[in-house]
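Written out below as structure tokens is the structure these notes cover.
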Amino acid sequence: MTYSSIELTSTDGIATLTFNRPKALNALNTSLLEEFDHALDSIKKDEAIRVLILTGAGEKSFIAGADITEIATLTPLAAKKFAQFGQEIISKLQGLAIPVIAAVNGYALGGGCEMALACDFIYASERRCSACQKSHWGSFPDSAEPSV
């Protein structure tokens, strides 16, 4: 499959998946989530891959949360399905049998913060800025609940 919103490379057992929407600060939209879902299936099947590194393209952002320009066009039911799909992918990421490293190189907001929390290790640059609105609402991000 050819990807437009992510880049996936693999060398010497190390896979690097780059969220590649730098103009949108790598915000999560349906296309990116579908590509990420497919890539995770491919990674799971590839026994040569021993570790996965997630990072964001550009110098500003790992993942700046959900793409609000897309969400603004969704019906409430479609928005709920979008959120559920994102959580399914985070669960799939957590279920990988290999270590996953989040290389956080900028904003990790909302779903981006949850994505980083779903990884086994977080390596954050000095430019990182992370926040999750759910903490303001008095709840844990869904991806953090199994480990809390």
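Ordered as shown in the structure tokens, chains take letters A, B, and onward, while each chain numbers its residues from 1 and ligands are numbered from 1 in the order shown.
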
* Asked: Which residues, written as a PyMOL selection string, have at least one atom at most 12 Å from Thr18 in chain A, with only C-alpha atoms counted and residues fewer than 5 positions away on the same chain left out?
  -> chain A and resi 3-10+26+32+35-36+39+52-58+61-63+101-105

* Run DSSP on the backbone and grab whatever in range 18-111 of chain A lands in strand (DSSP E or B); send it over as a list in words. =>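 The residues of range 18-111 of chain A classed as strand (DSSP E or B) are Thr18, Phe19, Leu28, Val51, Leu52, Ile53, Leu54, Thr55, Gly56, Ser61, Phe62, Ile63, Ala66, Val100, Ile101, Ala102, Ala103, Val104, Tyr107, Ala108 and Leu109 of chain A.
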
* **Residues near range 72-85 of chain A, cut-off 8 Å, only C-alpha atoms, skip fewer than 4 positions along chain, as number ranges by chain** => A: 30, 33, 68, 89

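Between CA of Val100 in chain A and CA of Pro22 in chain A there is a distance of 21.7 Å.
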
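Closest approach to Leu40 in chain A among A:Ile90, A:Leu25, A:Ala116, A:Ile71: A:Ile90, based on only C-alpha atoms.
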